[in-house]
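Student: First the structure, which I've put down as structure tokens, then a few questions once you've had a look.
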Amino acid sequence: MEEDATNQTIIWVEVNHSKWLATLSFAPGLSVYDEKIVKRRNVEFRVWNPFRSKLAAASLKGLHHLPLQRGSSVLYLGVSTGTTASHISDIIGGEGVLYGVEFAPRVAREFVEKVAKHRSNVVPIVEDARHHEKYKAIVSNVDVVYADIAQPDQTEISIRNCRSYLKPDGDMLLIVKTPSIDVTRSPEEIVQSESNKLVANDFHILQSINLEPFDSAHWLIHAKMKV
Amino acid sequence: MATEMGCILLEDLKTTILSKRFEKPLEELAAITKGEAGPELVAFVKEAVTKSVTIISVEPPLVSTLVSLGLPVEETESSVLEELRTNKTQLMIEAGLVSSETEAREVVRRFALAAAEEKLREMSTSLDLHVIQSIQALDEVDKTINEFISRLREWYGLHFPELASYVSDPISYAKMTLAGERSRITSILKEMHLPEERGEKIISVSLRSKGGAMRPEDLEVIKTLGEEILRLNDLRSKLTKHVEDTMMKVAPNVSSMAGATVGARLISKAGGLNRLAQMPASTIQVLGAEKALFRAMRTGSRPPKHGVLFQHSEVHSAPKWERGRIARLIAGKIAIAARIDAYRGGEEPNLAGALKRRLEEIKAQPRKEPPPRKEEPRWPRRGRRRH
Ligand SMILES: C[S@@+](CC[C@H](N)C(=O)[O-])C[C@H]1O[C@@H](n2cnc3c(N)ncnc32)[C@H](O)[C@@H]1O
């Protein structure tokens, strides 16, 4: 990723003397949260704040391979107000599609109004990710399942969603918020036991990343579903 | 096959024989998700039958509705469903429901947007009002069950007075009364899978019972009462589940701090989630104990330490002299939780951990039981007492 690369949807930019990631805005003129918008070669890029988006944090903390590119399809569980989702929408562009699942009405409304309505590659789903069969009429199979629902049983929920919607050899990105799983065990132990669950369900783990200092007690596990 | 655009009748999973766009796709799809068939879908299947089709296979949830209308349908196998789902876009294009992949995608997205907005509208028509109604219904059903049960115990007791002291669980008791004559209790006990020993005990007691004989018509009415109790108990489970599900959506944080039913009672006493969110912790702590609170103010007796919160398992399981401080702690967390639920939404998992830690701290330093206190007025009496 270079500052001036053409045809890239993610680039590095320098703002206030520090380097940041930025994504090519798929909805120019609009900002989703309070992100900075910069122009490069006359197109808008949105600065991707690692303190606000765990995927940006993971990218900066050495995610080897971001399994997202133009045209990718993504099922996002726990999309919340769409901070991270908006950047994914930038990255995958018009050929891609992001299905955003969120069940809390207030944040879901913000997601619909501020993100989904303005981006033709974003499909909102106001449902509980535990009941994945409820959105089967809408979701077609995807390249990536991204899960950030901070539930004690989120790994199980995500696995079931992968079974239904992830293409063979597809990628899963799982944010693990360790205190929401168990406050009594150490974060490392929890990440290990969640990884074990994935392995037992025919995933292999590519990487797990501690998101400190951007987020405390958060990890990202990157796994692939075996064919 | 039913899609968000309309229905397609396929032969050998490939050739379209008939297709029709829905005029009201949202309504039709909403019906389908509920396992029902909307009017347009029914009309489509009826038309399909006229195309000299012998049997139509449809999505499983639709089978029972369509069969009940006398239509020749069977369930599509899940492997076939999977295949249909993967090729859906292509099939929709071939059937002329959409013109291109891009359009198909756009159609799905527009449908999803409309569905999401509809759902949000539904949810914002204050789901908390439904919480209030269902928790009140639950409490009423509970009360009725209790009243019916004591009636049943007393009435069936004329015939089999000893039974009550062997069966404390009211629902098991109600089940047993379905036997009618106490001499017929054996088969019911078998059905209930009671531990053998207990079953035998009850049978031997029934043989020596001091209860009087009863006319069949009395036993019949008693049985109906027993059945009614069991039905009410089903309703009770449904309402409990409904309260839990709705609370998870409308107030997940209050739910995790207080438990779904206690949380729902707090919302009900406060008159809504927003009102609960505006209350200070000290008010939440005594919500539901208003009578005691007013009495305390009037007579100068000690104010209550907890209201609804007494039902919180951490409060009522604590020693009596610790309940006040535990209730205060939990009320504080609930106040925060209610604000998050009302103003921000989404779950805040740190709350549960924080509460658990504080509770452990309290349990780690138990206080000694205080000596009995003299009742002395804590507040000066204001004015003359009126009667
Ligand atoms: C930590 S936030 C996600 C933040 C978001 N990923 C971002 O980076 O912008 C977790 C979200 O998951 C939602 N959530 C939790 N459980 C869920 C479930 N079972 N189904 C759908 N959404 C859920 C919560 O309402 C909350 O908005």
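Just remember, in the structure tokens the first chain shown is A, the second B, etc., residues are 1-based per chain, and ligands are 1-based in the order shown.
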What does the list of residues within 7 Å of ligand 1 look like if you count only C-alpha atoms and all ligand atoms, written as a ChimeraX atom specification?
Tutor: /A:52-54,77-85,101-104,107,127-130,148-151 /B:345-347
Student: What lies within 10 Å of Thr86 (chain B) using only C-alpha atoms, ignoring chain neighbours under 6 positions off, as a PDB file with N, CA and C atoms, in the first residue's frame?
Tutor:
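Written output follows (out05.pdb):
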```pdb
ATOM      1  N   SER A 140     -26.650 -14.287   0.181  1.00  0.00           N
ATOM      2  CA  SER A 140     -26.117 -15.401  -0.602  1.00  0.00           C
ATOM      3  C   SER A 140     -24.704 -15.669  -0.092  1.00  0.00           C
ATOM      4  N   ASN A 141     -24.114 -16.753  -0.541  1.00  0.00           N
ATOM      5  CA  ASN A 141     -22.857 -17.170   0.075  1.00  0.00           C
ATOM      6  C   ASN A 141     -21.746 -16.140  -0.078  1.00  0.00           C
TER       7      ASN A 141
ATOM      8  N   VAL B  80     -31.849 -30.034  -2.182  1.00  0.00           N
ATOM      9  CA  VAL B  80     -32.401 -29.304  -3.324  1.00  0.00           C
ATOM     10  C   VAL B  80     -32.571 -27.831  -2.982  1.00  0.00           C
TER      11      VAL B  80
END
```
Student: Per residue of chain B within 10 Å of chain A, which atom pair is closest and at what distance in Å (one decimal), using only C-alpha atoms, listed by chain and increasing number, as CSV?
Tutor:
```
residue,atom,partner,partner_atom,distance
B:Ala2,CA,A:Ala137,CA,9.1
B:Thr3,CA,A:Ala137,CA,7.1
B:Glu4,CA,A:Ala137,CA,7.1
B:Leu29,CA,A:Ala137,CA,8.9
B:Thr33,CA,A:Lys134,CA,7.2
B:Lys34,CA,A:Lys134,CA,9.8
B:Glu82,CA,A:Ser164,CA,9.6
B:Arg85,CA,A:Ser140,CA,7.5
B:Thr86,CA,A:Ser140,CA,6.9
B:Asn87,CA,A:Ser140,CA,9.4
B:Lys88,CA,A:Ser140,CA,8.7
B:Thr89,CA,A:Ser140,CA,9.2
B:Thr102,CA,A:Glu95,CA,9.0
B:Arg105,CA,A:Val97,CA,8.9
B:Glu106,CA,A:Ser120,CA,7.5
B:Val108,CA,A:Ile138,CA,6.3
B:Arg109,CA,A:Val123,CA,5.3
B:Arg110,CA,A:Val123,CA,8.2
B:Phe111,CA,A:Ile138,CA,8.5
B:Ala112,CA,A:Pro124,CA,6.2
B:Leu113,CA,A:Pro124,CA,6.1
B:Ala114,CA,A:Pro124,CA,9.4
B:Ala115,CA,A:Ile125,CA,8.0
B:Ala116,CA,A:Val126,CA,5.5
B:Glu117,CA,A:Arg109,CA,7.8
B:Glu118,CA,A:Val126,CA,9.7
B:Lys119,CA,A:Val126,CA,7.1
B:Leu120,CA,A:Pro105,CA,6.1
B:Arg121,CA,A:Pro105,CA,9.1
B:Glu122,CA,A:Pro105,CA,9.8
B:Met123,CA,A:Pro105,CA,6.8
B:Ser124,CA,A:Pro105,CA,7.4
B:Met248,CA,A:Ala104,CA,9.0
B:Lys249,CA,A:Ala104,CA,6.2
B:Val250,CA,A:Ala104,CA,7.4
B:Ala251,CA,A:Ala104,CA,9.0
B:Pro252,CA,A:Ala104,CA,8.8
B:Asp341,CA,A:Arg106,CA,8.9
B:Ala342,CA,A:Arg106,CA,8.6
B:Tyr343,CA,A:Arg106,CA,7.9
B:Arg344,CA,A:Arg106,CA,6.6
B:Gly345,CA,A:Arg106,CA,5.5
B:Gly346,CA,A:Ala104,CA,5.4
B:Glu347,CA,A:Ala150,CA,7.6
B:Glu348,CA,A:Ala150,CA,8.3
B:Pro349,CA,A:Ser180,CA,5.0
B:Asn350,CA,A:Pro179,CA,6.6
B:Leu351,CA,A:Ser180,CA,9.3
B:Ala352,CA,A:Ser180,CA,8.2
B:Gly353,CA,A:Val183,CA,5.9
B:Ala354,CA,A:Val183,CA,9.0
B:Lys356,CA,A:Val183,CA,8.8
B:Arg357,CA,A:Val183,CA,8.9
```
Student: Restricting it to N, CA and C atoms, dump the selection as a compact mmCIF listing (two decimals), in the first residue's frame.
Tutor:
```
# COMPACT_ATOMS: atom_id res chain seq x y z
N ALA B 2 -40.07 -19.70 -3.68
CA ALA B 2 -40.48 -18.33 -3.35
C ALA B 2 -39.23 -17.47 -3.19
N THR B 3 -39.18 -16.33 -3.88
CA THR B 3 -38.06 -15.41 -3.73
C THR B 3 -38.63 -14.08 -3.24
N GLU B 4 -37.73 -13.10 -2.96
CA GLU B 4 -38.28 -11.83 -2.47
C GLU B 4 -38.99 -11.07 -3.58
N LEU B 29 -43.45 -12.08 2.01
CA LEU B 29 -42.25 -12.63 2.66
C LEU B 29 -42.41 -12.73 4.16
N THR B 33 -41.89 -16.11 6.33
CA THR B 33 -40.98 -16.31 7.46
C THR B 33 -41.73 -16.82 8.69
N LYS B 34 -43.02 -16.53 8.75
CA LYS B 34 -43.81 -17.04 9.87
C LYS B 34 -44.31 -18.45 9.59
N GLU B 82 -30.85 -26.13 -0.96
CA GLU B 82 -29.53 -25.54 -0.96
C GLU B 82 -29.13 -25.18 -2.39
N ARG B 85 -31.05 -22.24 -3.56
CA ARG B 85 -30.59 -21.00 -2.94
C ARG B 85 -29.32 -20.49 -3.62
N THR B 86 -28.41 -21.42 -3.92
CA THR B 86 -27.16 -20.99 -4.56
C THR B 86 -27.41 -20.43 -5.96
N ASN B 87 -28.38 -20.99 -6.65
CA ASN B 87 -28.61 -20.52 -8.02
C ASN B 87 -29.73 -19.50 -8.11
N LYS B 88 -30.11 -18.97 -6.96
CA LYS B 88 -31.33 -18.17 -6.94
C LYS B 88 -31.31 -17.03 -7.96
N THR B 89 -30.20 -16.28 -7.95
CA THR B 89 -30.15 -15.12 -8.83
C THR B 89 -30.37 -15.54 -10.29
N THR B 102 -27.13 -7.50 -11.53
CA THR B 102 -27.11 -6.23 -10.80
C THR B 102 -28.51 -5.88 -10.31
N ARG B 105 -29.47 -8.03 -7.39
CA ARG B 105 -28.83 -7.58 -6.16
C ARG B 105 -29.48 -6.35 -5.59
N GLU B 106 -29.80 -5.43 -6.50
CA GLU B 106 -30.42 -4.19 -6.08
C GLU B 106 -31.81 -4.48 -5.48
N VAL B 108 -32.79 -7.26 -4.02
CA VAL B 108 -32.61 -7.85 -2.69
C VAL B 108 -32.28 -6.76 -1.68
N ARG B 109 -31.42 -5.84 -2.07
CA ARG B 109 -31.03 -4.80 -1.15
C ARG B 109 -32.20 -3.90 -0.81
N ARG B 110 -32.97 -3.52 -1.82
CA ARG B 110 -34.12 -2.67 -1.54
C ARG B 110 -35.11 -3.38 -0.63
N PHE B 111 -35.27 -4.67 -0.90
CA PHE B 111 -36.16 -5.45 -0.06
C PHE B 111 -35.65 -5.46 1.39
N ALA B 112 -34.34 -5.70 1.53
CA ALA B 112 -33.76 -5.77 2.87
C ALA B 112 -33.89 -4.43 3.59
N LEU B 113 -33.66 -3.33 2.85
CA LEU B 113 -33.79 -2.00 3.45
C LEU B 113 -35.21 -1.77 3.95
N ALA B 114 -36.17 -2.10 3.11
CA ALA B 114 -37.57 -1.90 3.51
C ALA B 114 -37.89 -2.77 4.71
N ALA B 115 -37.42 -4.02 4.68
CA ALA B 115 -37.71 -4.93 5.79
C ALA B 115 -37.07 -4.42 7.07
N ALA B 116 -35.84 -3.91 6.96
CA ALA B 116 -35.13 -3.42 8.15
C ALA B 116 -35.87 -2.21 8.72
N GLU B 117 -36.29 -1.31 7.84
CA GLU B 117 -36.98 -0.12 8.33
C GLU B 117 -38.30 -0.49 8.99
N GLU B 118 -39.00 -1.42 8.35
CA GLU B 118 -40.27 -1.89 8.90
C GLU B 118 -40.05 -2.47 10.30
N LYS B 119 -39.01 -3.28 10.40
CA LYS B 119 -38.72 -3.92 11.68
C LYS B 119 -38.35 -2.88 12.74
N LEU B 120 -37.55 -1.88 12.33
CA LEU B 120 -37.15 -0.85 13.28
C LEU B 120 -38.35 -0.03 13.73
N ARG B 121 -39.26 0.22 12.78
CA ARG B 121 -40.45 0.97 13.13
C ARG B 121 -41.23 0.18 14.18
N GLU B 122 -41.37 -1.11 13.91
CA GLU B 122 -42.07 -1.98 14.83
C GLU B 122 -41.42 -1.95 16.22
N MET B 123 -40.08 -2.01 16.21
CA MET B 123 -39.38 -2.08 17.47
C MET B 123 -39.46 -0.77 18.22
N SER B 124 -39.49 0.35 17.44
CA SER B 124 -39.46 1.62 18.14
C SER B 124 -40.85 1.97 18.66
N MET B 248 -34.06 -9.12 25.88
CA MET B 248 -32.76 -9.22 25.21
C MET B 248 -32.64 -8.17 24.11
N LYS B 249 -33.79 -7.86 23.48
CA LYS B 249 -33.75 -6.88 22.40
C LYS B 249 -33.82 -5.47 22.93
N VAL B 250 -34.73 -5.24 23.88
CA VAL B 250 -34.99 -3.86 24.24
C VAL B 250 -34.05 -3.39 25.35
N ALA B 251 -33.64 -4.29 26.22
CA ALA B 251 -32.81 -3.87 27.34
C ALA B 251 -31.82 -4.98 27.73
N PRO B 252 -30.89 -5.30 26.82
CA PRO B 252 -29.98 -6.41 27.10
C PRO B 252 -29.13 -6.18 28.34
N ASP B 341 -29.00 1.07 27.68
CA ASP B 341 -30.08 0.49 26.86
C ASP B 341 -30.96 1.57 26.24
N ALA B 342 -31.24 2.60 27.02
CA ALA B 342 -32.18 3.61 26.53
C ALA B 342 -31.52 4.56 25.53
N TYR B 343 -30.28 4.92 25.77
CA TYR B 343 -29.70 5.98 24.94
C TYR B 343 -28.69 5.50 23.92
N ARG B 344 -28.06 4.36 24.16
CA ARG B 344 -27.03 3.96 23.22
C ARG B 344 -27.38 2.67 22.50
N GLY B 345 -27.93 1.73 23.22
CA GLY B 345 -28.24 0.43 22.61
C GLY B 345 -26.99 -0.41 22.55
N GLY B 346 -27.17 -1.70 22.26
CA GLY B 346 -26.02 -2.59 22.19
C GLY B 346 -25.63 -3.06 23.57
N GLU B 347 -24.83 -4.11 23.58
CA GLU B 347 -24.50 -4.72 24.85
C GLU B 347 -23.17 -4.20 25.36
N GLU B 348 -23.07 -4.03 26.65
CA GLU B 348 -21.83 -3.57 27.27
C GLU B 348 -21.35 -4.69 28.18
N PRO B 349 -20.51 -5.57 27.66
CA PRO B 349 -20.18 -6.79 28.41
C PRO B 349 -19.39 -6.52 29.69
N ASN B 350 -18.72 -5.37 29.77
CA ASN B 350 -17.93 -5.10 30.97
C ASN B 350 -18.78 -4.98 32.23
N LEU B 351 -20.03 -4.57 32.04
CA LEU B 351 -20.90 -4.36 33.19
C LEU B 351 -21.03 -5.63 34.03
N ALA B 352 -21.31 -6.74 33.33
CA ALA B 352 -21.54 -7.99 34.04
C ALA B 352 -20.31 -8.37 34.87
N GLY B 353 -19.14 -8.21 34.26
CA GLY B 353 -17.90 -8.54 34.95
C GLY B 353 -17.71 -7.67 36.18
N ALA B 354 -17.99 -6.38 36.03
CA ALA B 354 -17.80 -5.45 37.14
C ALA B 354 -18.71 -5.81 38.30
N LYS B 356 -20.02 -8.73 38.95
CA LYS B 356 -19.59 -9.99 39.53
C LYS B 356 -18.40 -9.78 40.50
N ARG B 357 -17.47 -8.94 40.07
CA ARG B 357 -16.31 -8.68 40.92
C ARG B 357 -16.71 -8.02 42.24
```
Student: Running DSSP on the backbone, which parts of region 2-202 of chain A land in strand (DSSP E), as a PyMOL selection string?
Tutor: chain A and resi 10-15+18-24+37-40+43-48+73-77+97-101+122-125+142-147+166-177
Student: Extract, using only C-alpha atoms, all DNA, RNA and protein residues at most 10 Å from region 186-194 of chain A, discarding same-chain residues fewer than 5 positions from it, and format them as a list in words.
Tutor: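 These residues fall inside the cut-off: Asp153, Gln154, Thr155, Glu156, Leu174, Ile175, Val176, Lys177, Thr178, Pro179, Ile181, Val199, Ala200, Ser208, Ile209, Asn210, Ala217, His218, Trp219, Leu220 and Ile221 of chain A.
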Student: Just the selected residues (N, CA and C atoms), exported as a PDB file, in the first residue's frame, please.
Tutor:
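Output file out-v1.pdb is given in full below:
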```pdb
ATOM      1  N   ASP A 153     -21.232 -16.635  23.692  1.00  0.00           N
ATOM      2  CA  ASP A 153     -21.253 -17.769  22.765  1.00  0.00           C
ATOM      3  C   ASP A 153     -21.024 -17.322  21.327  1.00  0.00           C
ATOM      4  N   GLN A 154     -20.282 -16.228  21.158  1.00  0.00           N
ATOM      5  CA  GLN A 154     -20.160 -15.696  19.800  1.00  0.00           C
ATOM      6  C   GLN A 154     -19.414 -16.630  18.859  1.00  0.00           C
ATOM      7  N   THR A 155     -18.458 -17.393  19.360  1.00  0.00           N
ATOM      8  CA  THR A 155     -17.741 -18.306  18.470  1.00  0.00           C
ATOM      9  C   THR A 155     -18.709 -19.329  17.898  1.00  0.00           C
ATOM     10  N   GLU A 156     -19.569 -19.881  18.750  1.00  0.00           N
ATOM     11  CA  GLU A 156     -20.550 -20.855  18.275  1.00  0.00           C
ATOM     12  C   GLU A 156     -21.506 -20.205  17.269  1.00  0.00           C
ATOM     13  N   LEU A 174     -12.751 -13.044  13.403  1.00  0.00           N
ATOM     14  CA  LEU A 174     -13.527 -13.102  14.627  1.00  0.00           C
ATOM     15  C   LEU A 174     -12.878 -12.185  15.660  1.00  0.00           C
ATOM     16  N   ILE A 175     -13.629 -11.194  16.104  1.00  0.00           N
ATOM     17  CA  ILE A 175     -13.108 -10.337  17.174  1.00  0.00           C
ATOM     18  C   ILE A 175     -13.486 -10.985  18.503  1.00  0.00           C
ATOM     19  N   VAL A 176     -12.497 -11.221  19.322  1.00  0.00           N
ATOM     20  CA  VAL A 176     -12.775 -11.831  20.619  1.00  0.00           C
ATOM     21  C   VAL A 176     -12.591 -10.776  21.690  1.00  0.00           C
ATOM     22  N   LYS A 177     -13.695 -10.493  22.391  1.00  0.00           N
ATOM     23  CA  LYS A 177     -13.609  -9.553  23.501  1.00  0.00           C
ATOM     24  C   LYS A 177     -13.553 -10.424  24.739  1.00  0.00           C
ATOM     25  N   THR A 178     -12.377 -10.591  25.276  1.00  0.00           N
ATOM     26  CA  THR A 178     -12.210 -11.636  26.289  1.00  0.00           C
ATOM     27  C   THR A 178     -13.088 -11.485  27.532  1.00  0.00           C
ATOM     28  N   PRO A 179     -13.283 -10.259  28.082  1.00  0.00           N
ATOM     29  CA  PRO A 179     -14.119 -10.204  29.292  1.00  0.00           C
ATOM     30  C   PRO A 179     -15.563 -10.618  29.046  1.00  0.00           C
ATOM     31  N   ILE A 181     -16.469 -13.094  27.386  1.00  0.00           N
ATOM     32  CA  ILE A 181     -16.545 -14.551  27.382  1.00  0.00           C
ATOM     33  C   ILE A 181     -16.387 -15.087  28.790  1.00  0.00           C
ATOM     34  N   VAL A 199     -10.930 -24.955  15.565  1.00  0.00           N
ATOM     35  CA  VAL A 199     -10.209 -26.090  14.990  1.00  0.00           C
ATOM     36  C   VAL A 199     -11.086 -27.344  15.043  1.00  0.00           C
ATOM     37  N   ALA A 200     -11.776 -27.513  16.172  1.00  0.00           N
ATOM     38  CA  ALA A 200     -12.645 -28.680  16.309  1.00  0.00           C
ATOM     39  C   ALA A 200     -13.784 -28.649  15.298  1.00  0.00           C
ATOM     40  N   SER A 208      -3.660 -15.070  15.217  1.00  0.00           N
ATOM     41  CA  SER A 208      -4.475 -14.322  16.184  1.00  0.00           C
ATOM     42  C   SER A 208      -3.661 -13.137  16.673  1.00  0.00           C
ATOM     43  N   ILE A 209      -4.337 -12.011  16.776  1.00  0.00           N
ATOM     44  CA  ILE A 209      -3.644 -10.747  17.001  1.00  0.00           C
ATOM     45  C   ILE A 209      -4.230 -10.030  18.203  1.00  0.00           C
ATOM     46  N   ASN A 210      -3.368  -9.618  19.082  1.00  0.00           N
ATOM     47  CA  ASN A 210      -3.782  -8.807  20.218  1.00  0.00           C
ATOM     48  C   ASN A 210      -3.919  -7.350  19.754  1.00  0.00           C
ATOM     49  N   ALA A 217      -7.987  -5.843  25.805  1.00  0.00           N
ATOM     50  CA  ALA A 217      -8.718  -7.110  25.966  1.00  0.00           C
ATOM     51  C   ALA A 217      -9.459  -7.543  24.706  1.00  0.00           C
ATOM     52  N   HIS A 218      -8.996  -7.091  23.546  1.00  0.00           N
ATOM     53  CA  HIS A 218      -9.591  -7.534  22.293  1.00  0.00           C
ATOM     54  C   HIS A 218      -8.556  -8.239  21.434  1.00  0.00           C
ATOM     55  N   TRP A 219      -8.996  -9.307  20.806  1.00  0.00           N
ATOM     56  CA  TRP A 219      -8.133 -10.032  19.884  1.00  0.00           C
ATOM     57  C   TRP A 219      -8.870 -10.246  18.587  1.00  0.00           C
ATOM     58  N   LEU A 220      -8.100 -10.441  17.517  1.00  0.00           N
ATOM     59  CA  LEU A 220      -8.738 -10.836  16.274  1.00  0.00           C
ATOM     60  C   LEU A 220      -8.180 -12.193  15.882  1.00  0.00           C
ATOM     61  N   ILE A 221      -9.089 -13.110  15.587  1.00  0.00           N
ATOM     62  CA  ILE A 221      -8.646 -14.409  15.095  1.00  0.00           C
ATOM     63  C   ILE A 221      -8.996 -14.488  13.614  1.00  0.00           C
TER      64      ILE A 221
END
```
